[in-house]
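Asks: Below is a structure I'd like to ask you about.
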Amino acid sequence: MSKRRICRIDEVAPGASLRVELEGLPPLAVFNLDGDFYVINDTCSHGEASLCEGEIEDGQVECPWHNAKFCIKSGKALTFPAVEPQRTYIVAVENDEVFLVE
């Protein structure tokens with residue numbers, strides 16, 4: 001397994017998100033849920049909206065365009081109009097940095 005650096009932990013405040021781009025992958029959304037970090041595809045599976053621009057509440061992110069909600073931990077689509085889940089990624093936190101594990 002290899003690791004790619006995504007960001008520093010202080011770049012994503014608790015309850016917030018950060019949009020990042022890594023070569024060879026679609027735009028990613030990094031979420032900080034009470035100090036635990038999760039990464040999913042940033043582009044809503046229903047449209048072209050950035051989930052990083054959506055509201056985050058109770059472990060869910062709401063698409064800013066059509067109000068579809070996704071579980072940040074599992075990527076599961078929770079409300080219509082989205083029915084396709086978001087891809088999730090394995091992350092590791094080491095020395096105050098967040099890494100994508102591939």
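Chain labels run A, B, ... following the order of the structure tokens; each chain numbers its residues from 1, and ligands are numbered from 1 in the order shown.
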Near Glu23 (chain A), counting only C-alpha atoms, which residues have an atom at most 12 Å away, once you skip same-chain residues fewer than 2 positions from it, shown as a list in words?
Replies: Arg4, Arg5, Ile6, Val20, Glu21, Leu25, Pro26, Pro27 and Leu28 of chain A
Asks: If you keep N, CA, C and O atoms, can you produce a file of those selected residues as a compact mmCIF listing (two decimals), in the first residue's frame?
Replies:
```txt
# COMPACT_ATOMS: atom_id res chain seq x y z
N ARG A 4 -0.54 8.93 -0.14
CA ARG A 4 -0.33 10.25 -0.73
C ARG A 4 -0.85 11.30 0.24
O ARG A 4 -1.96 11.19 0.76
N ARG A 5 -0.04 12.32 0.45
CA ARG A 5 -0.42 13.40 1.35
C ARG A 5 -1.59 14.18 0.76
O ARG A 5 -1.58 14.54 -0.41
N ILE A 6 -2.60 14.44 1.60
CA ILE A 6 -3.75 15.21 1.17
C ILE A 6 -3.66 16.65 1.71
O ILE A 6 -3.79 17.61 0.97
N VAL A 20 -9.81 19.09 -2.35
CA VAL A 20 -8.42 18.88 -2.78
C VAL A 20 -8.42 18.15 -4.11
O VAL A 20 -9.36 17.43 -4.45
N GLU A 21 -7.34 18.36 -4.85
CA GLU A 21 -7.17 17.65 -6.11
C GLU A 21 -5.84 16.93 -6.09
O GLU A 21 -4.81 17.53 -5.77
N LEU A 25 -7.09 11.42 -9.81
CA LEU A 25 -8.35 11.21 -9.09
C LEU A 25 -9.29 12.38 -9.34
O LEU A 25 -8.85 13.49 -9.66
N PRO A 26 -10.60 12.15 -9.17
CA PRO A 26 -11.53 13.27 -9.26
C PRO A 26 -11.32 14.19 -8.06
O PRO A 26 -10.64 13.80 -7.09
N PRO A 27 -11.87 15.40 -8.07
CA PRO A 27 -11.77 16.26 -6.88
C PRO A 27 -12.28 15.52 -5.64
O PRO A 27 -13.27 14.79 -5.72
N LEU A 28 -11.60 15.70 -4.53
CA LEU A 28 -11.94 15.02 -3.28
C LEU A 28 -12.41 16.01 -2.23
O LEU A 28 -11.97 17.17 -2.21
```
Asks: Could you pull the residues within 9 Å of Pro85 (chain A), counting only C-alpha atoms, minus those fewer than 2 positions along the same chain, as a ChimeraX atom specification?
Replies: /A:44-45,70-71,74-78,82-83,87-88
Asks: Go ahead and write the selection's residues with C-alpha atoms as a JSON list (two decimals), in the first residue's frame.
Replies:
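Okay, out-v6.json is ready:
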```json
[["chain", "number", "residue", "atom", "x", "y", "z"],
["A", 44, "CYS", "CA", -22.26, 15.21, -6.16],
["A", 45, "SER", "CA", -23.31, 11.97, -7.85],
["A", 70, "PHE", "CA", -24.81, 11.83, 1.79],
["A", 71, "CYS", "CA", -23.32, 9.98, 4.77],
["A", 74, "SER", "CA", -19.99, 5.59, 4.11],
["A", 75, "GLY", "CA", -20.70, 7.77, 1.07],
["A", 76, "LYS", "CA", -24.25, 6.42, 0.97],
["A", 77, "ALA", "CA", -26.88, 8.60, -0.74],
["A", 78, "LEU", "CA", -29.46, 9.33, 1.98],
["A", 82, "ALA", "CA", -29.26, 11.41, -5.39],
["A", 83, "VAL", "CA", -29.40, 7.63, -5.55],
["A", 87, "ARG", "CA", -16.87, 6.87, -3.46],
["A", 88, "THR", "CA", -15.08, 6.76, -0.12]]
```
Asks: With distances taken over only C-alpha atoms, which residue among A:Val101, A:Val91, A:Met1, A:Ala16 lies nearest Gly59 (chain A)?
Replies: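 Counting only C-alpha atoms, the residue closest to Gly59 (chain A) is A:Ala16.
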Asks: Check the smallest atom-to-atom distance from each of A:Arg8, A:Ile72, A:Leu18, A:Phe37 to Glu53 (chain A) using only C-alpha atoms, then report the winner.
Replies: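 For Glu53 (chain A), the nearest of the given residues is A:Leu18.
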Asks: Could you name the residues that touch Leu100 (chain A) at 10 Å or less, counting only C-alpha atoms, but leaving out those on the same chain fewer than 4 positions away, as a list in words?
Replies: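 Final neighbour list, sorted by chain and number: Ser2, Lys3, Arg4, Arg5, Ile6, Cys7, Leu22, Tyr38, Val39, Tyr89, Ile90, Val91, Ala92 and Val93 of chain A.
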Asks: Could you take the residues named above and write them with N, CA and C atoms, as a PDB file, in the first residue's frame?
Replies:
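Contents of result_27.pdb, freshly written:
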```pdb
ATOM      1  N   SER A   2       0.427   2.228  -0.743  1.00  0.00           N
ATOM      2  CA  SER A   2       1.142   3.503  -0.751  1.00  0.00           C
ATOM      3  C   SER A   2       0.252   4.581  -0.157  1.00  0.00           C
ATOM      4  N   LYS A   3       0.874   5.703   0.199  1.00  0.00           N
ATOM      5  CA  LYS A   3       0.144   6.825   0.790  1.00  0.00           C
ATOM      6  C   LYS A   3       0.484   8.094   0.030  1.00  0.00           C
ATOM      7  N   ARG A   4      -0.539   8.932  -0.139  1.00  0.00           N
ATOM      8  CA  ARG A   4      -0.335  10.252  -0.728  1.00  0.00           C
ATOM      9  C   ARG A   4      -0.848  11.305   0.235  1.00  0.00           C
ATOM     10  N   ARG A   5      -0.038  12.318   0.451  1.00  0.00           N
ATOM     11  CA  ARG A   5      -0.422  13.399   1.351  1.00  0.00           C
ATOM     12  C   ARG A   5      -1.587  14.179   0.759  1.00  0.00           C
ATOM     13  N   ILE A   6      -2.597  14.439   1.601  1.00  0.00           N
ATOM     14  CA  ILE A   6      -3.748  15.215   1.170  1.00  0.00           C
ATOM     15  C   ILE A   6      -3.664  16.646   1.713  1.00  0.00           C
ATOM     16  N   CYS A   7      -3.467  16.767   3.035  1.00  0.00           N
ATOM     17  CA  CYS A   7      -3.449  18.082   3.672  1.00  0.00           C
ATOM     18  C   CYS A   7      -2.945  17.947   5.104  1.00  0.00           C
ATOM     19  N   LEU A  22      -5.899  15.639  -6.398  1.00  0.00           N
ATOM     20  CA  LEU A  22      -4.712  14.814  -6.502  1.00  0.00           C
ATOM     21  C   LEU A  22      -4.666  14.246  -7.912  1.00  0.00           C
ATOM     22  N   TYR A  38     -12.377  11.968   7.012  1.00  0.00           N
ATOM     23  CA  TYR A  38     -13.012  11.127   6.007  1.00  0.00           C
ATOM     24  C   TYR A  38     -12.840  11.799   4.653  1.00  0.00           C
ATOM     25  N   VAL A  39     -12.702  10.982   3.611  1.00  0.00           N
ATOM     26  CA  VAL A  39     -12.542  11.516   2.261  1.00  0.00           C
ATOM     27  C   VAL A  39     -13.526  10.799   1.338  1.00  0.00           C
ATOM     28  N   TYR A  89     -12.752   6.856   0.513  1.00  0.00           N
ATOM     29  CA  TYR A  89     -11.330   6.526   0.436  1.00  0.00           C
ATOM     30  C   TYR A  89     -10.806   6.229   1.830  1.00  0.00           C
ATOM     31  N   ILE A  90      -9.790   5.390   1.894  1.00  0.00           N
ATOM     32  CA  ILE A  90      -9.133   5.073   3.161  1.00  0.00           C
ATOM     33  C   ILE A  90      -8.132   6.180   3.454  1.00  0.00           C
ATOM     34  N   VAL A  91      -8.167   6.680   4.685  1.00  0.00           N
ATOM     35  CA  VAL A  91      -7.237   7.732   5.073  1.00  0.00           C
ATOM     36  C   VAL A  91      -6.453   7.315   6.307  1.00  0.00           C
ATOM     37  N   ALA A  92      -5.306   7.931   6.453  1.00  0.00           N
ATOM     38  CA  ALA A  92      -4.472   7.746   7.641  1.00  0.00           C
ATOM     39  C   ALA A  92      -4.010   9.127   8.085  1.00  0.00           C
ATOM     40  N   VAL A  93      -3.919   9.310   9.381  1.00  0.00           N
ATOM     41  CA  VAL A  93      -3.415  10.560   9.938  1.00  0.00           C
ATOM     42  C   VAL A  93      -2.107  10.258  10.656  1.00  0.00           C
TER      43      VAL A  93
END
```
Asks: Got a sec: who's within 9 Å of Ile9 (chain A), counting only C-alpha atoms, leaving out chain neighbours fewer than 5 positions off, as a VMD selection string?
Replies: chain A and resid 32 35 37 93 96 to 98
Asks: Using only C-alpha atoms, which protein or nucleic acid residues come within 9 Å of Asp34 (chain A)? Drop anything in the same chain fewer than 3 positions from it, and give the result as a ChimeraX atom specification.
Replies: /A:13-15,37
Asks: Taking the DSSP assignment computed from this structure's backbone, write out as JSON, numbers by chain all residues of chain A that belong to helix (DSSP H, G or I).
Replies: {"A": [9, 10, 11, 51, 52, 53]}
Asks: Those residues you just picked out, can you put them in a file as a compact mmCIF listing (two decimals), in the first residue's frame with all heavy atoms?
Replies:
```txt
# COMPACT_ATOMS: atom_id res chain seq x y z
N ILE A 9 -3.81 18.53 9.14
CA ILE A 9 -5.07 18.47 9.89
C ILE A 9 -5.59 19.86 10.24
O ILE A 9 -6.80 20.06 10.31
CB ILE A 9 -4.96 17.58 11.16
CG1 ILE A 9 -3.93 18.12 12.13
CG2 ILE A 9 -4.68 16.14 10.79
CD1 ILE A 9 -3.93 17.41 13.48
N ASP A 10 -4.71 20.83 10.42
CA ASP A 10 -5.17 22.18 10.76
C ASP A 10 -5.77 22.94 9.58
O ASP A 10 -6.29 24.04 9.74
CB ASP A 10 -4.06 23.00 11.42
CG ASP A 10 -2.86 23.24 10.53
OD1 ASP A 10 -2.87 22.83 9.35
OD2 ASP A 10 -1.88 23.85 11.02
N GLU A 11 -5.75 22.34 8.40
CA GLU A 11 -6.39 22.96 7.23
C GLU A 11 -7.89 22.67 7.17
O GLU A 11 -8.60 23.28 6.36
CB GLU A 11 -5.72 22.47 5.94
CG GLU A 11 -4.30 22.94 5.75
CD GLU A 11 -3.70 22.42 4.47
OE1 GLU A 11 -3.95 23.02 3.41
OE2 GLU A 11 -2.98 21.39 4.54
N LEU A 51 -19.54 19.17 -3.08
CA LEU A 51 -20.09 18.89 -1.75
C LEU A 51 -19.40 19.72 -0.66
O LEU A 51 -20.00 19.96 0.39
CB LEU A 51 -20.00 17.40 -1.45
CG LEU A 51 -20.89 16.52 -2.32
CD1 LEU A 51 -20.69 15.05 -1.97
CD2 LEU A 51 -22.35 16.91 -2.22
N CYS A 52 -18.19 20.18 -0.93
CA CYS A 52 -17.51 21.02 0.05
C CYS A 52 -18.22 22.35 0.26
O CYS A 52 -18.00 23.03 1.25
CB CYS A 52 -16.06 21.27 -0.37
SG CYS A 52 -14.99 19.87 -0.01
N GLU A 53 -19.10 22.70 -0.67
CA GLU A 53 -19.88 23.93 -0.53
C GLU A 53 -21.20 23.70 0.19
O GLU A 53 -21.97 24.62 0.41
CB GLU A 53 -20.13 24.54 -1.91
CG GLU A 53 -18.85 24.98 -2.61
CD GLU A 53 -19.07 25.46 -4.02
OE1 GLU A 53 -20.24 25.62 -4.44
OE2 GLU A 53 -18.07 25.68 -4.72
```
